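Novice: Just one file: query_16.cif, with mmCIF, N, CA and C atoms.
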data_final
loop_
_atom_site.label_atom_id
_atom_site.label_comp_id
_atom_site.auth_asym_id
_atom_site.auth_seq_id
_atom_site.Cartn_x
_atom_site.Cartn_y
_atom_site.Cartn_z
N MET A 1 -2.41 -15.47 -13.57
CA MET A 1 -2.94 -14.44 -14.45
C MET A 1 -3.42 -13.23 -13.64
N LEU A 2 -4.13 -13.50 -12.51
CA LEU A 2 -4.60 -12.41 -11.66
C LEU A 2 -3.42 -11.58 -11.15
N TYR A 3 -2.33 -12.26 -10.77
CA TYR A 3 -1.14 -11.56 -10.30
C TYR A 3 -0.65 -10.57 -11.36
N GLY A 4 -0.64 -11.01 -12.62
CA GLY A 4 -0.18 -10.15 -13.70
C GLY A 4 -1.05 -8.92 -13.88
N VAL A 5 -2.36 -9.09 -13.78
CA VAL A 5 -3.28 -7.96 -13.94
C VAL A 5 -3.13 -6.99 -12.77
N VAL A 6 -3.11 -7.51 -11.57
CA VAL A 6 -2.99 -6.66 -10.39
C VAL A 6 -1.65 -5.92 -10.38
N SER A 7 -0.59 -6.58 -10.83
CA SER A 7 0.72 -5.92 -10.84
C SER A 7 0.75 -4.73 -11.79
N LEU A 8 -0.16 -4.68 -12.75
CA LEU A 8 -0.23 -3.54 -13.67
C LEU A 8 -0.76 -2.28 -13.00
N ILE A 9 -1.61 -2.43 -11.97
CA ILE A 9 -2.20 -1.25 -11.34
C ILE A 9 -1.52 -0.85 -10.03
N LEU A 10 -0.73 -1.73 -9.46
CA LEU A 10 -0.03 -1.42 -8.21
C LEU A 10 1.32 -0.79 -8.51
N PRO A 11 1.88 -0.05 -7.55
CA PRO A 11 3.22 0.51 -7.75
C PRO A 11 4.23 -0.58 -8.13
N GLU A 12 5.18 -0.23 -8.97
CA GLU A 12 6.15 -1.18 -9.49
C GLU A 12 6.86 -1.93 -8.37
N ASN A 13 6.95 -3.22 -8.51
CA ASN A 13 7.67 -4.14 -7.61
C ASN A 13 7.06 -4.27 -6.21
N ILE A 14 5.91 -3.72 -5.95
CA ILE A 14 5.33 -3.82 -4.61
C ILE A 14 4.98 -5.26 -4.25
N LEU A 15 4.60 -6.05 -5.25
CA LEU A 15 4.22 -7.44 -4.96
C LEU A 15 5.44 -8.32 -4.70
N ASP A 16 6.66 -7.77 -4.88
CA ASP A 16 7.86 -8.49 -4.47
C ASP A 16 8.05 -8.41 -2.95
N GLN A 17 7.43 -7.42 -2.32
CA GLN A 17 7.59 -7.17 -0.88
C GLN A 17 6.32 -7.39 -0.06
N PHE A 18 5.16 -7.34 -0.73
CA PHE A 18 3.88 -7.38 -0.01
C PHE A 18 2.93 -8.39 -0.65
N ASP A 19 2.03 -8.96 0.18
CA ASP A 19 0.99 -9.86 -0.29
C ASP A 19 -0.36 -9.16 -0.20
N ILE A 20 -1.22 -9.41 -1.18
CA ILE A 20 -2.58 -8.88 -1.12
C ILE A 20 -3.38 -9.76 -0.17
N VAL A 21 -4.00 -9.13 0.84
CA VAL A 21 -4.78 -9.90 1.81
C VAL A 21 -6.28 -9.62 1.73
N LYS A 22 -6.63 -8.47 1.11
CA LYS A 22 -8.06 -8.15 1.00
C LYS A 22 -8.24 -7.12 -0.10
N PHE A 23 -9.40 -7.17 -0.73
CA PHE A 23 -9.75 -6.26 -1.82
C PHE A 23 -11.21 -5.86 -1.61
N GLU A 24 -11.49 -4.58 -1.55
CA GLU A 24 -12.86 -4.09 -1.37
C GLU A 24 -13.13 -2.94 -2.33
N GLU A 25 -14.39 -2.74 -2.63
CA GLU A 25 -14.79 -1.59 -3.43
C GLU A 25 -15.97 -0.95 -2.72
N GLU A 26 -15.94 0.38 -2.60
CA GLU A 26 -17.03 1.08 -1.91
C GLU A 26 -17.60 2.17 -2.79
N ASP A 27 -18.87 2.44 -2.60
CA ASP A 27 -19.56 3.51 -3.30
C ASP A 27 -19.28 4.81 -2.56
N ILE A 28 -18.83 5.85 -3.30
CA ILE A 28 -18.56 7.14 -2.66
C ILE A 28 -19.38 8.25 -3.30
N ALA A 29 -20.45 7.88 -4.00
CA ALA A 29 -21.28 8.88 -4.66
C ALA A 29 -21.89 9.82 -3.63
N ARG A 30 -21.88 11.12 -3.96
CA ARG A 30 -22.49 12.13 -3.09
C ARG A 30 -23.92 12.37 -3.51
N ASN A 31 -24.75 12.67 -2.55
CA ASN A 31 -26.16 12.95 -2.83
C ASN A 31 -26.49 14.43 -2.71
N ASP A 32 -25.46 15.28 -2.55
CA ASP A 32 -25.70 16.71 -2.37
C ASP A 32 -25.70 17.49 -3.68
N GLY A 33 -25.57 16.79 -4.81
CA GLY A 33 -25.61 17.46 -6.11
C GLY A 33 -24.28 18.03 -6.56
N SER A 34 -23.24 17.95 -5.72
CA SER A 34 -21.94 18.49 -6.11
C SER A 34 -21.26 17.52 -7.09
N TYR A 35 -20.38 18.08 -7.91
CA TYR A 35 -19.68 17.26 -8.90
C TYR A 35 -18.68 16.35 -8.23
N GLN A 36 -18.71 15.09 -8.58
CA GLN A 36 -17.77 14.11 -8.06
C GLN A 36 -17.31 13.26 -9.25
N PRO A 37 -16.04 13.40 -9.65
CA PRO A 37 -15.59 12.65 -10.83
C PRO A 37 -15.52 11.14 -10.60
N PHE A 38 -15.37 10.72 -9.36
CA PHE A 38 -15.25 9.29 -9.06
C PHE A 38 -16.44 8.84 -8.22
N LYS A 39 -17.00 7.71 -8.58
CA LYS A 39 -18.16 7.18 -7.87
C LYS A 39 -17.82 6.02 -6.95
N ARG A 40 -16.64 5.43 -7.14
CA ARG A 40 -16.25 4.26 -6.36
C ARG A 40 -14.80 4.43 -5.88
N ASN A 41 -14.48 3.72 -4.80
CA ASN A 41 -13.12 3.69 -4.28
C ASN A 41 -12.72 2.22 -4.10
N VAL A 42 -11.60 1.84 -4.70
CA VAL A 42 -11.07 0.50 -4.56
C VAL A 42 -10.05 0.52 -3.43
N HIS A 43 -10.19 -0.41 -2.51
CA HIS A 43 -9.27 -0.54 -1.37
C HIS A 43 -8.53 -1.87 -1.53
N ILE A 44 -7.20 -1.79 -1.57
CA ILE A 44 -6.38 -3.00 -1.62
C ILE A 44 -5.54 -3.04 -0.35
N TYR A 45 -5.66 -4.13 0.40
CA TYR A 45 -4.93 -4.31 1.65
C TYR A 45 -3.72 -5.20 1.41
N LEU A 46 -2.55 -4.70 1.82
CA LEU A 46 -1.29 -5.39 1.59
C LEU A 46 -0.55 -5.60 2.91
N ASP A 47 -0.05 -6.82 3.11
CA ASP A 47 0.79 -7.12 4.27
C ASP A 47 2.19 -7.44 3.79
N GLU A 48 3.18 -6.92 4.49
CA GLU A 48 4.57 -7.15 4.12
C GLU A 48 4.92 -8.63 4.28
N GLN A 49 5.67 -9.15 3.33
CA GLN A 49 6.14 -10.52 3.40
C GLN A 49 7.29 -10.60 4.41
N ASP A 50 7.53 -11.80 4.90
CA ASP A 50 8.67 -12.02 5.80
C ASP A 50 9.89 -12.27 4.93
N ASN A 51 10.67 -11.23 4.70
CA ASN A 51 11.83 -11.31 3.83
C ASN A 51 13.15 -11.26 4.60
N ARG A 52 13.13 -11.79 5.82
CA ARG A 52 14.36 -11.78 6.61
C ARG A 52 15.40 -12.72 6.00
N THR A 53 16.64 -12.34 6.14
CA THR A 53 17.74 -13.22 5.74
C THR A 53 17.89 -14.31 6.80
N ALA A 54 18.68 -15.33 6.52
CA ALA A 54 18.91 -16.40 7.49
C ALA A 54 19.50 -15.84 8.78
N GLU A 55 20.41 -14.88 8.66
CA GLU A 55 21.02 -14.26 9.83
C GLU A 55 19.97 -13.49 10.64
N GLN A 56 19.11 -12.75 9.96
CA GLN A 56 18.05 -11.99 10.64
C GLN A 56 17.05 -12.92 11.31
N CYS A 57 16.77 -14.07 10.70
CA CYS A 57 15.84 -15.03 11.31
C CYS A 57 16.38 -15.53 12.65
N ALA A 58 17.69 -15.64 12.76
CA ALA A 58 18.30 -16.11 13.99
C ALA A 58 18.27 -15.06 15.09
N THR A 59 18.24 -13.77 14.73
CA THR A 59 18.34 -12.71 15.74
C THR A 59 17.05 -11.92 15.95
N LEU A 60 16.13 -11.95 15.01
CA LEU A 60 14.90 -11.17 15.12
C LEU A 60 13.68 -12.07 15.22
N LYS A 61 12.82 -11.80 16.22
CA LYS A 61 11.60 -12.58 16.41
C LYS A 61 10.41 -11.81 15.83
N PRO A 62 9.53 -12.50 15.07
CA PRO A 62 8.32 -11.82 14.56
C PRO A 62 7.50 -11.24 15.70
N ASN A 63 6.94 -10.04 15.48
CA ASN A 63 6.15 -9.37 16.50
C ASN A 63 4.92 -8.70 15.87
N GLY A 64 4.28 -9.39 14.94
CA GLY A 64 3.05 -8.86 14.35
C GLY A 64 3.30 -7.81 13.28
N PHE A 65 2.32 -6.94 13.12
CA PHE A 65 2.36 -5.91 12.07
C PHE A 65 2.12 -4.54 12.67
N THR A 66 2.52 -3.52 11.93
CA THR A 66 2.16 -2.15 12.27
C THR A 66 0.68 -1.96 11.95
N GLU A 67 0.12 -0.82 12.31
CA GLU A 67 -1.23 -0.46 11.86
C GLU A 67 -1.16 -0.19 10.36
N TYR A 68 -2.30 -0.28 9.69
CA TYR A 68 -2.32 0.02 8.26
C TYR A 68 -2.00 1.49 8.00
N THR A 69 -1.20 1.73 6.99
CA THR A 69 -0.95 3.07 6.46
C THR A 69 -1.73 3.19 5.17
N SER A 70 -2.56 4.21 5.03
CA SER A 70 -3.35 4.39 3.81
C SER A 70 -2.62 5.30 2.85
N VAL A 71 -2.55 4.87 1.60
CA VAL A 71 -1.84 5.60 0.55
C VAL A 71 -2.77 5.74 -0.65
N LYS A 72 -2.94 6.98 -1.11
CA LYS A 72 -3.75 7.23 -2.30
C LYS A 72 -2.85 7.06 -3.52
N ASP A 73 -3.31 6.26 -4.48
CA ASP A 73 -2.52 6.00 -5.68
C ASP A 73 -3.31 6.46 -6.90
N TYR A 74 -2.76 6.24 -8.10
CA TYR A 74 -3.43 6.66 -9.33
C TYR A 74 -4.87 6.14 -9.37
N PRO A 75 -5.82 6.95 -9.78
CA PRO A 75 -7.17 6.42 -10.03
C PRO A 75 -7.11 5.36 -11.14
N VAL A 76 -7.97 4.37 -11.03
CA VAL A 76 -7.99 3.27 -12.00
C VAL A 76 -9.39 3.13 -12.56
N ARG A 77 -9.54 3.28 -13.87
CA ARG A 77 -10.82 3.07 -14.55
C ARG A 77 -11.96 3.80 -13.86
N ASN A 78 -11.77 5.09 -13.61
CA ASN A 78 -12.76 5.96 -12.97
C ASN A 78 -13.09 5.55 -11.54
N ARG A 79 -12.12 4.96 -10.88
CA ARG A 79 -12.26 4.62 -9.46
C ARG A 79 -11.02 5.14 -8.73
N LEU A 80 -11.24 5.66 -7.54
CA LEU A 80 -10.10 6.01 -6.70
C LEU A 80 -9.42 4.71 -6.27
N LEU A 81 -8.14 4.77 -5.98
CA LEU A 81 -7.41 3.59 -5.52
C LEU A 81 -6.70 3.94 -4.23
N THR A 82 -7.03 3.22 -3.17
CA THR A 82 -6.39 3.42 -1.88
C THR A 82 -5.71 2.12 -1.48
N LEU A 83 -4.41 2.21 -1.20
CA LEU A 83 -3.65 1.06 -0.72
C LEU A 83 -3.55 1.16 0.79
N HIS A 84 -3.81 0.05 1.47
CA HIS A 84 -3.68 -0.02 2.92
C HIS A 84 -2.54 -1.00 3.19
N ILE A 85 -1.44 -0.48 3.73
CA ILE A 85 -0.21 -1.25 3.82
C ILE A 85 0.22 -1.44 5.27
N ARG A 86 0.51 -2.71 5.62
CA ARG A 86 1.03 -3.02 6.96
C ARG A 86 2.44 -3.56 6.82
N ARG A 87 3.32 -3.04 7.66
CA ARG A 87 4.70 -3.51 7.71
C ARG A 87 4.83 -4.54 8.83
N ARG A 88 5.75 -5.47 8.65
CA ARG A 88 6.05 -6.44 9.71
C ARG A 88 6.91 -5.79 10.78
N ARG A 89 6.67 -6.22 12.01
CA ARG A 89 7.50 -5.77 13.13
C ARG A 89 8.26 -6.99 13.65
N TYR A 90 9.43 -6.72 14.15
CA TYR A 90 10.25 -7.77 14.76
C TYR A 90 10.80 -7.25 16.08
N LEU A 91 11.16 -8.18 16.95
CA LEU A 91 11.84 -7.82 18.19
C LEU A 91 13.29 -8.26 18.09
N ASP A 92 14.20 -7.34 18.48
CA ASP A 92 15.60 -7.72 18.49
C ASP A 92 15.94 -8.40 19.82
N SER A 93 17.19 -8.69 20.05
CA SER A 93 17.59 -9.42 21.26
C SER A 93 17.33 -8.63 22.53
N ASP A 94 17.18 -7.29 22.42
CA ASP A 94 16.86 -6.45 23.59
C ASP A 94 15.36 -6.19 23.71
N ASP A 95 14.56 -6.93 22.96
CA ASP A 95 13.10 -6.77 22.91
C ASP A 95 12.67 -5.37 22.46
N LYS A 96 13.48 -4.76 21.61
CA LYS A 96 13.10 -3.48 21.00
C LYS A 96 12.47 -3.76 19.64
N SER A 97 11.42 -3.01 19.31
CA SER A 97 10.71 -3.20 18.05
C SER A 97 11.56 -2.72 16.88
N VAL A 98 11.58 -3.52 15.81
CA VAL A 98 12.38 -3.23 14.63
C VAL A 98 11.50 -3.40 13.39
N ILE A 99 11.61 -2.49 12.45
CA ILE A 99 10.98 -2.63 11.14
C ILE A 99 12.11 -2.65 10.13
N LEU A 100 12.18 -3.72 9.32
CA LEU A 100 13.33 -3.90 8.43
C LEU A 100 13.19 -3.20 7.09
N SER A 101 12.01 -3.19 6.53
CA SER A 101 11.83 -2.73 5.17
C SER A 101 12.10 -1.25 5.01
N GLU A 102 12.68 -0.91 3.88
CA GLU A 102 12.90 0.50 3.54
C GLU A 102 12.09 0.86 2.31
N PHE A 103 11.12 0.03 1.94
CA PHE A 103 10.30 0.27 0.76
C PHE A 103 9.55 1.59 0.93
N PRO A 104 9.69 2.54 -0.01
CA PRO A 104 9.01 3.84 0.14
C PRO A 104 7.51 3.70 -0.08
N ILE A 105 6.72 4.01 0.94
CA ILE A 105 5.27 3.87 0.83
C ILE A 105 4.62 5.16 0.38
N LYS A 106 5.04 6.29 0.97
CA LYS A 106 4.43 7.59 0.66
C LYS A 106 5.50 8.58 0.23
N ALA A 107 5.09 9.51 -0.63
CA ALA A 107 5.98 10.62 -0.96
C ALA A 107 6.10 11.50 0.29
N ASP A 108 7.26 12.08 0.50
CA ASP A 108 7.49 12.91 1.69
C ASP A 108 6.42 13.98 1.86
N GLY A 109 5.84 14.04 3.06
CA GLY A 109 4.87 15.09 3.39
C GLY A 109 3.51 14.92 2.74
N THR A 110 3.22 13.73 2.19
CA THR A 110 1.94 13.52 1.52
C THR A 110 1.30 12.23 1.99
N SER A 111 0.10 11.96 1.48
CA SER A 111 -0.54 10.67 1.70
C SER A 111 -0.72 9.95 0.37
N ILE A 112 0.15 10.29 -0.61
CA ILE A 112 0.07 9.66 -1.93
C ILE A 112 1.35 8.90 -2.23
N SER A 113 1.25 7.96 -3.15
CA SER A 113 2.41 7.14 -3.49
C SER A 113 3.48 7.99 -4.16
N PRO A 114 4.75 7.57 -4.05
CA PRO A 114 5.83 8.32 -4.70
C PRO A 114 5.63 8.46 -6.21
N GLU A 115 5.13 7.41 -6.87
CA GLU A 115 4.92 7.47 -8.31
C GLU A 115 3.85 8.49 -8.67
N PHE A 116 2.75 8.52 -7.91
CA PHE A 116 1.66 9.46 -8.17
C PHE A 116 2.15 10.89 -7.91
N ALA A 117 2.95 11.09 -6.87
CA ALA A 117 3.49 12.42 -6.58
C ALA A 117 4.38 12.90 -7.72
N ASP A 118 5.22 12.02 -8.26
CA ASP A 118 6.07 12.38 -9.40
C ASP A 118 5.22 12.78 -10.60
N PHE A 119 4.17 12.03 -10.85
CA PHE A 119 3.26 12.32 -11.97
C PHE A 119 2.64 13.71 -11.80
N LEU A 120 2.14 14.00 -10.60
CA LEU A 120 1.51 15.29 -10.35
C LEU A 120 2.51 16.44 -10.47
N LYS A 121 3.74 16.24 -10.03
CA LYS A 121 4.77 17.28 -10.14
C LYS A 121 5.04 17.61 -11.61
N ARG A 122 5.08 16.60 -12.47
CA ARG A 122 5.36 16.81 -13.89
C ARG A 122 4.21 17.54 -14.57
N ARG A 123 3.00 17.43 -14.07
CA ARG A 123 1.83 18.07 -14.69
C ARG A 123 1.72 19.53 -14.31
N SER A 124 2.34 19.95 -13.22
CA SER A 124 2.19 21.34 -12.77
C SER A 124 3.22 22.27 -13.36
#
For the structure just supplied, provide its representation as structure tokens.

Specialist:
Amino acid sequence: MLYGVVSLILPENILDQFDIVKFEEEDIARNDGSYQPFKRNVHIYLDEQDNRTAEQCATLKPNGFTEYTSVKDYPVRNRLLTLHIRRRRYLDSDDKSVILSEFPIKADGTSISPEFADFLKRRS
């Protein structure tokens, strides 16, 4: 049931490629009197699943994860939503680092999700 609820707020099909490893909420209220529409920020940490094919398992060795990439997504219930995404790294037979996934994390030239960028483009 939790999977179903979380899949409603995350970008489409992301849970087919990534696992949720941590969930945090932080207070971001300002004390300087300036207007702030959001008082909280939800942070969801996602790690890429090992989706290698049988052939790739034979030729690529796991080599940990990349650093987290932070992506701003649609605000949810008056909270900002920040996704922190780590991709898996592999080593090929020449010990060169390889990242397999082509899942689009950010819209080109931004720090926001592709879906959120499309939404903002349609509003302008």

Novice: Please enumerate the residues selected by the PyMOL selection byres (((chain A and resi 75 and name CA) around 12) and name CA) when evaluated against the supplied file, formatted as a list in words.

Specialist: Ile9, Leu10, Pro37, Phe38, Lys39, Arg40, Asn41, Val42, His43, Val71, Lys72, Asp73, Tyr74, Val76, Arg77, Asn78, Arg79, Leu80, Leu81, Thr82, Leu83, Ile112, Ser113 and Phe116 of chain A

Novice: My list of candidates is A:Leu2, A:Asp19, A:Leu60, A:Pro11. Which is closest to Ser93 (chain A) when distances are computed with only N, CA and C atoms?

Specialist: A:Leu60

Novice: Between A:Arg30, A:Lys22, A:Arg86, A:Lys61, which has the minimum distance to Glu48 (chain A) (counting only C-alpha atoms)?

Specialist: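 Comparing A:Arg30, A:Lys22, A:Arg86, A:Lys61 against Glu48 (chain A), the winner is A:Arg86.
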
Novice: When DSSP works through the backbone of this structure, what residues of chain A end up as strand (DSSP E), shown as a count of residues only?

Specialist: 46

Novice: Got a sec: who's within 6 Å of Thr66 (chain A), counting all atoms listed in the file, leaving out chain neighbours fewer than 5 positions off, as a PDB file with N, CA and C atoms, in the coordinates of the input?

Specialist:
ATOM      1  N   ARG A  86       0.510  -2.710   5.620  1.00  0.00           N
ATOM      2  CA  ARG A  86       1.030  -3.020   6.960  1.00  0.00           C
ATOM      3  C   ARG A  86       2.440  -3.560   6.820  1.00  0.00           C
ATOM      4  N   ARG A  87       3.320  -3.040   7.660  1.00  0.00           N
ATOM      5  CA  ARG A  87       4.700  -3.510   7.710  1.00  0.00           C
ATOM      6  C   ARG A  87       4.830  -4.540   8.830  1.00  0.00           C
ATOM      7  N   ARG A  88       5.750  -5.470   8.650  1.00  0.00           N
ATOM      8  CA  ARG A  88       6.050  -6.440   9.710  1.00  0.00           C
ATOM      9  C   ARG A  88       6.910  -5.790  10.780  1.00  0.00           C
ATOM     10  N   ARG A  89       6.670  -6.220  12.010  1.00  0.00           N
ATOM     11  CA  ARG A  89       7.500  -5.770  13.130  1.00  0.00           C
ATOM     12  C   ARG A  89       8.260  -6.990  13.650  1.00  0.00           C
TER      13      ARG A  89
END

Novice: Pick out the closest residue to Gln49 (chain A) from this set: A:Asp94, A:Gln17, A:Val6, A:Ile99. Count all atoms listed in the file.

Specialist: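 Nearest to Gln49 (chain A): A:Gln17.
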
Novice: How many Å separate atom C of Ile44 (chain A) from atom N of Glu25 (chain A)?

Specialist: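 Atom N of Glu25 (chain A) lies at a distance of 9.1 Å from atom C of Ile44 (chain A).
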
Novice: May I ask which of the residues A:Ile85, A:Leu91, A:Leu46, A:Leu15 is the closest one to Gly64 (chain A), counting all atoms listed in the file?

Specialist: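 For Gly64 (chain A), the nearest of the given residues is A:Leu91.
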
Novice: Suppose you want the space between atom C of Ile14 (chain A) and atom N of Asp118 (chain A); what is it in Å?

Specialist: 17.7 Å

Novice: I'd like to know which of A:Lys96, A:Val21, A:His84, A:Asn31 is closest to Tyr68 (chain A), using only N, CA and C atoms.

Specialist: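 So, comparing all the options, the nearest one is A:His84.
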
Novice: Point out the residue among A:Thr59, A:Tyr45, A:Val98, A:Asp50 with the least atom-to-atom distance to Ile20 (chain A), counting all atoms listed in the file.

Specialist: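 Among the listed residues, A:Tyr45 lies closest to Ile20 (chain A).
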
Novice: Could you find all residues in region 33-106 of chain A that DSSP calls helix (DSSP H, G or I) from the backbone, and write them as a JSON list (two decimals) with N, CA and C atoms, keeping the file's coordinate frame?

Specialist:
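So the final result, stored in states_24.json, reads:
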[["chain", "number", "residue", "atom", "x", "y", "z"],
["A", 54, "ALA", "N", 18.68, -15.33, 6.52],
["A", 54, "ALA", "CA", 18.91, -16.40, 7.49],
["A", 54, "ALA", "C", 19.50, -15.84, 8.78],
["A", 55, "GLU", "N", 20.41, -14.88, 8.66],
["A", 55, "GLU", "CA", 21.02, -14.26, 9.83],
["A", 55, "GLU", "C", 19.97, -13.49, 10.64],
["A", 56, "GLN", "N", 19.11, -12.75, 9.96],
["A", 56, "GLN", "CA", 18.05, -11.99, 10.64],
["A", 56, "GLN", "C", 17.05, -12.92, 11.31],
["A", 57, "CYS", "N", 16.77, -14.07, 10.70],
["A", 57, "CYS", "CA", 15.84, -15.03, 11.31],
["A", 57, "CYS", "C", 16.38, -15.53, 12.65],
["A", 58, "ALA", "N", 17.69, -15.64, 12.76],
["A", 58, "ALA", "CA", 18.30, -16.11, 13.99],
["A", 58, "ALA", "C", 18.27, -15.06, 15.09],
["A", 59, "THR", "N", 18.24, -13.77, 14.73],
["A", 59, "THR", "CA", 18.34, -12.71, 15.74],
["A", 59, "THR", "C", 17.05, -11.92, 15.95]]

Novice: Box along x, y and z, 3 Å on every side, all listed atoms of region 21-24 of chain A inside: centre and edge lengths in Å to one decimal, as JSON.

Specialist:
{"center_x": -8.6, "center_y": -6.4, "center_z": -0.3, "size_x": 15.1, "size_y": 13.0, "size_z": 10.1}
